[in-house]
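Structure file data_19.cif with mmCIF, C-alpha atoms and all ligand atoms:
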data_start
loop_
_atom_site.label_atom_id
_atom_site.label_comp_id
_atom_site.auth_asym_id
_atom_site.auth_seq_id
_atom_site.Cartn_x
_atom_site.Cartn_y
_atom_site.Cartn_z
CA MET A 26 1.83 -11.18 15.03
CA HIS A 27 -0.45 -8.81 13.17
CA ASN A 28 -1.30 -8.07 9.52
CA ILE A 29 -0.68 -4.74 7.83
CA LYS A 30 -1.07 -3.21 4.37
CA ALA A 31 1.87 -3.22 1.94
CA TYR A 32 2.81 -3.22 -1.75
CA SER A 33 4.50 -6.29 -3.17
CA ALA A 34 5.56 -7.83 -6.47
CA ALA A 35 4.72 -11.50 -7.13
CA GLY A 36 7.47 -12.07 -9.69
CA ALA A 37 10.24 -10.44 -11.74
CA THR A 38 7.85 -9.24 -14.42
CA SER A 39 4.89 -8.45 -12.14
CA PRO A 40 3.90 -4.94 -11.11
CA LEU A 41 3.77 -3.93 -7.46
CA THR A 42 0.24 -4.27 -6.09
CA SER A 43 -1.60 -3.91 -2.81
CA THR A 44 -1.30 -6.80 -0.35
CA LYS A 45 -1.29 -7.73 3.35
CA ILE A 46 1.82 -8.91 5.20
CA ALA A 47 2.55 -10.06 8.75
CA ARG A 48 4.69 -8.12 11.24
CA ARG A 49 5.83 -9.49 14.58
CA ASP A 50 4.62 -7.87 17.77
CA PRO A 51 7.52 -5.91 19.29
CA THR A 52 9.76 -7.95 21.60
CA GLU A 53 11.60 -6.27 24.49
CA HIS A 54 14.37 -4.79 22.27
CA ASP A 55 12.10 -3.79 19.39
CA VAL A 56 10.69 -0.53 18.16
CA GLU A 57 7.49 -0.39 16.10
CA ILE A 58 7.35 2.46 13.58
CA GLU A 59 4.41 3.80 11.60
CA ILE A 60 6.01 4.56 8.23
CA LEU A 61 5.43 8.12 6.98
CA PHE A 62 7.75 8.23 3.95
CA CYS A 63 9.78 5.65 2.06
CA GLY A 64 12.24 6.58 -0.69
CA ILE A 65 12.48 4.60 -3.93
CA CYS A 66 16.04 3.37 -4.50
CA HIS A 67 17.15 1.90 -7.81
CA SER A 68 18.15 -1.16 -5.75
CA ASP A 69 14.42 -1.70 -5.09
CA LEU A 70 13.94 -1.95 -8.84
CA HIS A 71 17.00 -4.22 -9.39
CA SER A 72 15.64 -6.52 -6.63
CA VAL A 73 12.00 -6.54 -7.74
CA ARG A 74 13.09 -7.52 -11.24
CA ASN A 75 15.64 -10.05 -9.93
CA GLU A 76 18.44 -8.31 -11.83
CA TRP A 77 21.02 -9.31 -9.21
CA SER A 78 20.02 -12.99 -9.37
CA GLU A 79 23.66 -14.17 -9.28
CA PHE A 80 24.50 -12.37 -6.03
CA MET A 81 21.17 -11.92 -4.28
CA PRO A 82 18.32 -13.89 -5.84
CA THR A 83 14.94 -12.40 -5.05
CA ALA A 84 12.38 -14.36 -3.04
CA TYR A 85 8.79 -13.58 -4.03
CA PRO A 86 6.59 -11.94 -3.05
CA ILE A 87 8.96 -9.03 -2.41
CA VAL A 88 8.08 -5.88 -0.45
CA PRO A 89 10.92 -3.45 -1.20
CA GLY A 90 11.87 -0.16 0.51
CA HIS A 91 14.86 0.67 2.69
CA GLU A 92 14.70 4.44 3.03
CA ILE A 93 12.23 4.63 5.89
CA VAL A 94 11.17 7.53 8.08
CA GLY A 95 8.28 7.33 10.50
CA ARG A 96 6.84 7.79 13.95
CA ILE A 97 7.35 5.33 16.77
CA THR A 98 4.12 3.73 17.96
CA LYS A 99 5.43 1.15 20.47
CA VAL A 100 8.69 0.24 22.18
CA GLY A 101 9.72 -2.93 24.02
CA SER A 102 10.45 -2.94 27.76
CA ALA A 103 14.25 -2.87 27.27
CA VAL A 104 14.20 0.10 24.87
CA LYS A 105 15.62 3.18 26.54
CA LYS A 106 16.78 5.25 23.53
CA PHE A 107 13.33 5.79 22.02
CA LYS A 108 9.76 6.40 23.10
CA PRO A 109 6.38 6.40 21.35
CA GLY A 110 5.87 9.60 19.37
CA ASP A 111 9.55 10.01 18.40
CA VAL A 112 10.47 10.40 14.75
CA ALA A 113 12.81 7.60 13.70
CA ALA A 114 14.41 6.11 10.63
CA VAL A 115 15.46 2.71 9.30
CA GLY A 116 17.83 2.05 6.40
CA CYS A 117 19.03 -1.02 4.54
CA MET A 118 19.58 -3.27 7.58
CA VAL A 119 17.36 -4.39 10.45
CA ASP A 120 19.63 -6.78 12.38
CA SER A 121 23.11 -8.28 12.78
CA ASP A 122 24.78 -10.50 15.40
CA GLY A 123 26.32 -7.54 17.26
CA THR A 124 29.31 -9.61 18.39
CA CYS A 125 31.50 -10.27 15.32
CA PRO A 126 34.55 -8.08 14.58
CA GLU A 127 32.66 -6.22 11.83
CA CYS A 128 29.77 -5.35 14.16
CA ARG A 129 32.17 -4.33 16.93
CA ALA A 130 33.96 -2.04 14.46
CA GLY A 131 30.65 -0.42 13.42
CA PHE A 132 30.53 -2.14 10.03
CA GLU A 133 27.29 -4.05 10.52
CA GLN A 134 26.79 -4.15 6.75
CA PHE A 135 29.59 -6.76 6.58
CA CYS A 136 28.42 -8.92 9.48
CA PRO A 137 28.00 -12.52 8.26
CA ASN A 138 24.66 -12.60 10.10
CA MET A 139 23.33 -9.26 8.93
CA THR A 140 19.63 -9.05 7.99
CA LEU A 141 18.65 -6.71 5.17
CA THR A 142 15.44 -4.73 5.48
CA PHE A 143 13.91 -6.75 2.64
CA ASN A 144 14.67 -10.04 0.89
CA SER A 145 16.72 -11.49 3.80
CA PRO A 146 15.78 -14.54 5.90
CA ASP A 147 13.46 -13.33 8.68
CA LYS A 148 14.62 -15.00 11.88
CA HIS A 149 11.47 -14.02 13.79
CA LEU A 150 8.66 -15.01 11.42
CA GLY A 151 10.39 -17.29 8.91
CA GLY A 152 10.26 -16.50 5.20
CA VAL A 153 11.95 -13.25 4.19
CA THR A 154 11.95 -9.72 5.56
CA TYR A 155 9.57 -7.17 4.10
CA GLY A 156 10.60 -3.56 3.55
CA GLY A 157 9.21 -0.08 3.76
CA TYR A 158 6.49 -0.02 1.10
CA SER A 159 4.21 -0.82 4.03
CA GLU A 160 2.25 0.74 6.87
CA SER A 161 4.65 -0.12 9.67
CA ILE A 162 7.83 -1.99 10.56
CA VAL A 163 9.21 -3.64 13.71
CA VAL A 164 12.98 -3.31 14.12
CA ASP A 165 15.59 -4.03 16.79
CA GLN A 166 16.43 -0.71 18.46
CA ARG A 167 20.11 -1.03 17.42
CA PHE A 168 19.03 -0.43 13.81
CA VAL A 169 16.79 2.53 14.49
CA LEU A 170 18.25 5.98 13.75
CA ARG A 171 17.41 9.46 15.00
CA VAL A 172 16.36 12.14 12.52
CA PRO A 173 17.41 15.73 13.33
CA SER A 174 14.27 17.74 14.02
CA ASN A 175 15.00 20.47 11.44
CA LEU A 176 14.85 18.07 8.48
CA ASN A 177 11.85 17.69 6.19
CA LEU A 178 10.75 14.07 6.55
CA ALA A 179 9.94 13.32 2.89
CA GLY A 180 13.43 14.55 1.97
CA ALA A 181 15.09 12.84 4.94
CA ALA A 182 13.94 9.32 3.99
CA PRO A 183 16.42 8.96 1.08
CA LEU A 184 19.30 9.79 3.42
CA LEU A 185 18.95 6.27 4.83
CA CYS A 186 20.39 4.73 1.65
CA ALA A 187 21.28 7.32 -1.00
CA GLY A 188 22.69 9.55 1.75
CA ILE A 189 24.87 7.08 3.62
CA THR A 190 26.04 5.31 0.45
CA THR A 191 27.54 8.54 -0.90
CA TYR A 192 28.64 10.07 2.44
CA SER A 193 30.62 7.01 3.56
CA PRO A 194 33.11 6.73 0.65
CA MET A 195 33.55 10.50 0.58
CA ARG A 196 34.63 10.45 4.22
CA ARG A 197 36.85 7.39 3.66
CA TRP A 198 38.62 9.07 0.73
CA LYS A 199 38.90 12.38 2.59
CA VAL A 200 36.85 14.54 0.26
CA GLY A 201 37.27 18.14 1.36
CA LYS A 202 38.75 21.55 0.61
CA GLY A 203 41.36 21.58 -2.16
CA LYS A 204 40.10 18.30 -3.67
CA LYS A 205 38.64 17.97 -7.16
CA VAL A 206 35.75 15.51 -6.97
CA GLY A 207 33.63 14.02 -9.75
CA VAL A 208 30.15 12.54 -9.39
CA VAL A 209 28.92 10.33 -12.23
CA GLY A 210 25.15 9.96 -12.74
CA LEU A 211 22.76 12.54 -11.34
CA GLY A 212 20.10 10.26 -9.91
CA GLY A 213 19.14 9.60 -6.29
CA LEU A 214 22.63 8.66 -5.12
CA GLY A 215 24.47 11.06 -7.41
CA HIS A 216 22.55 14.15 -6.31
CA MET A 217 23.29 13.32 -2.65
CA GLY A 218 26.96 12.88 -3.59
CA VAL A 219 26.96 16.38 -5.08
CA LYS A 220 25.41 17.86 -1.92
CA PHE A 221 27.92 16.14 0.37
CA ALA A 222 31.00 16.92 -1.75
CA HIS A 223 29.91 20.56 -1.89
CA ALA A 224 29.22 20.71 1.87
CA LEU A 225 32.64 19.15 2.55
CA GLY A 226 34.26 22.01 0.57
CA ALA A 227 35.45 20.15 -2.55
CA HIS A 228 35.42 21.43 -6.13
CA VAL A 229 32.58 19.36 -7.59
CA VAL A 230 32.17 18.25 -11.20
CA VAL A 231 29.02 16.39 -12.26
CA PHE A 232 29.07 13.94 -15.18
CA THR A 233 25.64 13.38 -16.67
CA THR A 234 24.14 11.84 -19.77
CA SER A 235 21.17 14.21 -19.42
CA PRO A 236 21.92 17.74 -20.69
CA ASN A 237 18.60 18.91 -19.19
CA LYS A 238 19.99 18.31 -15.67
CA LYS A 239 22.78 20.89 -16.06
CA GLU A 240 21.05 23.77 -14.35
CA ALA A 241 19.85 21.62 -11.47
CA ALA A 242 23.34 20.19 -10.99
CA HIS A 243 24.66 23.71 -10.37
CA ARG A 244 21.83 24.42 -7.97
CA LEU A 245 22.63 21.22 -6.06
CA GLY A 246 26.23 22.36 -5.57
CA ALA A 247 28.19 21.45 -8.70
CA ASP A 248 30.95 23.87 -9.75
CA GLU A 249 31.10 22.36 -13.23
CA VAL A 250 28.88 20.04 -15.26
CA VAL A 251 30.10 17.77 -18.06
CA VAL A 252 27.77 16.04 -20.50
CA SER A 253 29.57 12.72 -20.59
CA ARG A 254 28.59 11.82 -24.14
CA ASP A 255 30.76 14.77 -25.34
CA ALA A 256 34.31 13.38 -25.71
CA GLY A 257 35.80 16.87 -26.07
CA GLU A 258 34.32 18.03 -22.75
CA MET A 259 35.54 14.85 -21.06
CA GLN A 260 39.06 15.30 -22.42
CA LYS A 261 39.35 18.74 -20.82
CA HIS A 262 39.35 17.02 -17.41
CA ALA A 263 41.97 14.34 -18.20
CA GLU A 264 44.22 13.35 -15.26
CA SER A 265 42.78 15.97 -12.93
CA PHE A 266 40.56 14.32 -10.31
CA ASP A 267 41.47 13.29 -6.78
CA PHE A 268 38.29 11.28 -6.38
CA ILE A 269 35.35 10.20 -8.52
CA LEU A 270 32.15 8.63 -7.23
CA ASP A 271 30.34 6.52 -9.81
CA ALA A 272 26.62 6.18 -9.05
CA VAL A 273 25.35 4.86 -12.38
CA SER A 274 22.74 2.09 -12.36
CA ALA A 275 23.39 0.71 -15.86
CA GLU A 276 26.24 -0.42 -18.11
CA HIS A 277 28.67 2.36 -19.05
CA ASP A 278 32.35 2.94 -19.85
CA ILE A 279 34.19 3.07 -16.54
CA ASN A 280 37.59 3.52 -18.24
CA ALA A 281 36.51 6.93 -19.52
CA TYR A 282 36.41 8.04 -15.86
CA ILE A 283 39.52 6.22 -14.67
CA SER A 284 41.49 8.21 -17.26
CA LEU A 285 40.31 11.43 -15.59
CA LEU A 286 42.04 10.55 -12.29
CA ARG A 287 45.35 12.15 -11.41
CA ARG A 288 48.24 10.19 -9.91
CA ASP A 289 47.00 8.18 -6.90
CA GLY A 290 43.44 9.22 -7.63
CA ASN A 291 40.58 6.91 -6.68
CA LEU A 292 37.34 5.99 -8.39
CA THR A 293 34.79 4.43 -6.07
CA ILE A 294 31.82 2.69 -7.61
CA VAL A 295 28.57 2.59 -5.66
CA GLY A 296 26.28 2.05 -8.64
CA ALA A 297 25.52 -1.64 -9.04
CA PRO A 298 24.76 -2.44 -12.69
CA PRO A 299 23.80 -6.10 -12.95
CA LYS A 300 26.44 -6.93 -15.61
CA PRO A 301 30.26 -6.75 -15.07
CA LEU A 302 32.04 -3.63 -16.33
CA PRO A 303 35.39 -4.17 -18.12
CA VAL A 304 38.27 -2.26 -16.50
CA ALA A 305 41.50 -1.59 -18.44
CA ALA A 306 44.45 -2.63 -16.24
CA LEU A 307 46.77 -0.14 -17.89
CA GLY A 308 44.45 2.74 -17.14
CA LEU A 309 44.98 2.01 -13.44
CA ILE A 310 48.66 1.11 -13.67
CA MET A 311 49.84 4.16 -15.56
CA ARG A 312 49.11 6.62 -12.73
CA ASN A 313 48.98 4.45 -9.57
CA ARG A 314 45.22 4.88 -9.68
CA SER A 315 42.82 2.80 -7.63
CA PHE A 316 39.34 1.52 -8.25
CA SER A 317 37.15 0.46 -5.34
CA GLY A 318 33.62 -0.22 -4.21
CA SER A 319 31.57 0.84 -1.21
CA MET A 320 28.50 -0.66 0.40
CA ILE A 321 26.08 1.65 2.26
CA GLY A 322 27.61 2.40 5.71
CA GLY A 323 27.48 1.08 9.26
CA ILE A 324 25.00 2.22 11.88
CA PRO A 325 27.34 4.65 13.73
CA GLU A 326 28.33 6.32 10.46
CA THR A 327 24.69 6.48 9.34
CA GLN A 328 23.83 8.39 12.51
CA GLU A 329 26.89 10.63 11.94
CA MET A 330 25.64 11.32 8.39
CA LEU A 331 22.14 12.18 9.64
CA ASP A 332 23.62 14.56 12.21
CA PHE A 333 25.84 16.11 9.50
CA CYS A 334 22.66 16.62 7.41
CA GLY A 335 20.94 18.24 10.39
CA LYS A 336 23.86 20.63 10.89
CA HIS A 337 24.11 21.55 7.19
CA ASN A 338 20.36 21.34 6.52
CA ILE A 339 20.78 18.69 3.84
CA THR A 340 17.93 16.53 2.56
CA ALA A 341 17.23 14.86 -0.77
CA ASP A 342 15.35 16.78 -3.47
CA VAL A 343 12.25 14.65 -3.69
CA GLU A 344 9.20 14.18 -5.83
CA VAL A 345 6.58 12.96 -3.36
CA ILE A 346 4.25 10.36 -4.86
CA PRO A 347 1.38 8.19 -3.60
CA ILE A 348 2.12 4.44 -3.48
CA GLN A 349 -0.34 3.97 -6.37
CA LYS A 350 2.23 5.66 -8.67
CA VAL A 351 5.09 3.32 -7.78
CA ASN A 352 5.11 1.29 -11.02
CA GLU A 353 5.15 4.50 -13.06
CA ALA A 354 8.03 5.77 -10.91
CA TYR A 355 10.04 2.61 -11.71
CA GLU A 356 9.58 3.22 -15.45
CA ARG A 357 10.74 6.80 -14.99
CA LEU A 358 13.83 5.63 -13.06
CA LEU A 359 14.78 3.54 -16.08
CA LYS A 360 14.61 6.67 -18.24
CA SER A 361 16.80 8.66 -15.79
CA ASP A 362 13.71 10.80 -15.27
CA VAL A 363 13.86 11.43 -11.53
CA LYS A 364 14.45 14.76 -9.81
CA TYR A 365 16.13 13.47 -7.80
CA ARG A 366 14.47 10.86 -5.59
CA PHE A 367 10.92 9.57 -5.40
CA SER A 368 9.62 9.59 -1.84
CA ILE A 369 6.40 7.69 -1.23
CA ASP A 370 3.88 9.36 1.06
CA MET A 371 2.79 6.24 2.92
CA ALA A 372 -0.50 7.84 4.05
CA SER A 373 -1.63 6.93 0.51
CA LEU A 374 -1.59 3.25 1.52
CA LYS A 375 -4.50 3.81 3.90
CA SER A 376 -6.97 4.04 0.98
CA GLU A 377 -6.04 0.53 -0.29
P1 LIG B 401 18.87 6.39 -10.13
O1 LIG B 401 18.20 7.39 -9.28
O2 LIG B 401 18.08 5.65 -11.14
O3 LIG B 401 20.12 7.13 -10.82
C1 LIG B 401 20.97 6.50 -11.73
C2 LIG B 401 21.55 7.55 -12.67
O4 LIG B 401 22.53 6.90 -13.50
C3 LIG B 401 20.57 8.13 -13.66
O5 LIG B 401 19.79 9.18 -13.15
C4 LIG B 401 21.47 8.60 -14.79
O6 LIG B 401 22.06 9.85 -14.46
C5 LIG B 401 22.59 7.55 -14.77
N1 LIG B 401 22.38 6.53 -15.81
C6 LIG B 401 21.31 5.69 -15.94
N2 LIG B 401 21.46 4.89 -17.00
C7 LIG B 401 22.65 5.22 -17.56
C8 LIG B 401 23.41 4.74 -18.68
N3 LIG B 401 22.92 3.75 -19.46
N4 LIG B 401 24.62 5.30 -18.94
C9 LIG B 401 25.11 6.28 -18.17
N5 LIG B 401 24.45 6.79 -17.10
C10 LIG B 401 23.24 6.27 -16.81
O7 LIG B 401 19.56 5.25 -9.22
P2 LIG B 401 20.07 5.33 -7.70
O8 LIG B 401 18.95 4.96 -6.80
O9 LIG B 401 20.81 6.58 -7.50
O10 LIG B 401 21.06 4.08 -7.67
C11 LIG B 401 22.21 4.07 -8.49
C12 LIG B 401 22.88 2.70 -8.41
O11 LIG B 401 23.45 2.55 -7.11
C13 LIG B 401 21.93 1.52 -8.58
O12 LIG B 401 22.59 0.53 -9.35
C14 LIG B 401 21.71 1.04 -7.16
O13 LIG B 401 21.37 -0.32 -7.08
C15 LIG B 401 23.08 1.29 -6.56
N6 LIG B 401 23.11 1.38 -5.09
C16 LIG B 401 24.22 0.92 -4.47
C17 LIG B 401 24.36 1.02 -3.10
C18 LIG B 401 25.61 0.59 -2.43
O14 LIG B 401 25.60 0.30 -1.23
N7 LIG B 401 26.71 0.56 -3.13
C19 LIG B 401 23.33 1.60 -2.36
C20 LIG B 401 22.21 2.08 -3.02
C21 LIG B 401 22.11 1.98 -4.40
P3 LIG B 401 22.26 11.01 -15.59
O15 LIG B 401 20.88 11.27 -16.12
O16 LIG B 401 22.84 12.14 -14.82
O17 LIG B 401 23.21 10.44 -16.60
ZN ZN B 402 19.13 1.80 -1.66
#
Can you give me the file's structure in the form of structure tokens?
Ligand code: NAP
Ligand code: ZN
Amino acid sequence: MHNIKAYSAAGATSPLTSTKIARRDPTEHDVEIEILFCGICHSDLHSVRNEWSEFMPTAYPIVPGHEIVGRITKVGSAVKKFKPGDVAAVGCMVDSDGTCPECRAGFEQFCPNMTLTFNSPDKHLGGVTYGGYSESIVVDQRFVLRVPSNLNLAGAAPLLCAGITTYSPMRRWKVGKGKKVGVVGLGGLGHMGVKFAHALGAHVVVFTTSPNKKEAAHRLGADEVVVSRDAGEMQKHAESFDFILDAVSAEHDINAYISLLRRDGNLTIVGAPPKPLPVAALGLIMRNRSFSGSMIGGIPETQEMLDFCGKHNITADVEVIPIQKVNEAYERLLKSDVKYRFSIDMASLKSE
């Protein structure tokens, strides 16, 4: 065991501050990674502030961060896939049992014994796991991903959550040429959704509450942009979408989007507002529409997504910040003021 620098919050109303945490020494199947960049996901903020207390109560202190890219510093004796010096990535999970039907099907995120990167029981050290707002991390090799060498690392970090969370449902619902696809909320997840839908050949419409994001939405790959507070603009798209991805972090009217689906259309929600959203049964019934959810993606699909990004040269549009600006970044997330993902340059932690 060894101590490293990190940023943690002591309680739901406390800011993130500099601290020291323990990491295990790598066992034979482990990879140790020096963290270079860590994206800031809105889930970090929900967790730090214990906003999901009903489903996933937060244990304090919490060290968030699950969009991790770094350089391997050590590997255990049984590790054959990686070597020191390689660039590697870690997402929302660091372990699972590897034997249950979900793991065998490549859906580790649904394994009953899955360990999240932060705020999960830590079976090695006791207590809970600590995430990527830290100098380094030790992870079982099965949860370590390869990053295509052409990708910018600050922009690649958000692929590990925002990327896979939007890629996975788009593949499941067969987004592609000839499909009209909506993306609701142009934040970290939403902007990745736009890039993927565009790369997959769909006609992409962005729904935003921020008129000042219109131009950027087009640059990111949107064919059309609708300011969702304008009922007239919304009405123009009634009953026309094959698929809509909802990536909004706060309460909003989901029925306004369900009514935009055509017959058999699907709305998948990936945004996780803490409070329930009312859904009108008749809105679904009237056109055989469906409403579903999606949770990140399994390890094989995460690697597939990273390789897809390598092939299409896709990374997140990031604002790189030092760790010392993390509390300010959280406040900006709450104001929808992010273009379009904060990526923490972890070298900034060295000065703490
Ligand atoms: P984010 O960067 O903060 O983006 C959220 C966007 O939602 C904002 O930029 C804004 O877009 C829109 N929005 C915010 N408040 C709104 C309101 N009151 N009404 C309507 N629109 C509003 O967040 P993120 O990191 O992309 O995460 C989005 C959500 O996904 C979070 O709840 C997060 O926890 C969840 N998440 C889920 C998974 C999963 O596995 N399902 C994985 C990761 C994250 P506009 O300015 O364009 O309106
Ligand atoms: Zn996330």
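Once all atoms listed in the file are used for the distance check, the residues close to ligand ZN 402 (chain B) at 6 Å turn out to be Cys66, Ser68, Cys186 and Ala187 of chain A.
Candidate residues A:Ile324, A:Ala222, A:Val351, A:Val94 were compared for distance to Ala130 of chain A, and the nearest is A:Ile324, using only C-alpha atoms.
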Requested in this report: Step by step, measure atom-to-atom distances between ligand LIG 401 (chain B) and each residue using all atoms listed in the file, keep those at most 7 Å, then write them as a PyMOL selection string.
Outcome: chain A and resi 66-68+71+186-187+190+209-215+232-235+238+272-277+295-298+319-321+358-359+361-363+365-366
Query raised in the report: Got a sec: who's within 12 Å of Asp289 of chain A, counting all atoms listed in the file, leaving out chain neighbours fewer than 4 positions off, as an MDAnalysis selection string?
Result: chainID A and resid 198 264:269 283:285 308:316
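Using all atoms listed in the file, the shortest contact distance between Leu331 of chain A and any of A:Gln260, A:Ser174, A:Asn280, A:Glu249 is found at A:Ser174.
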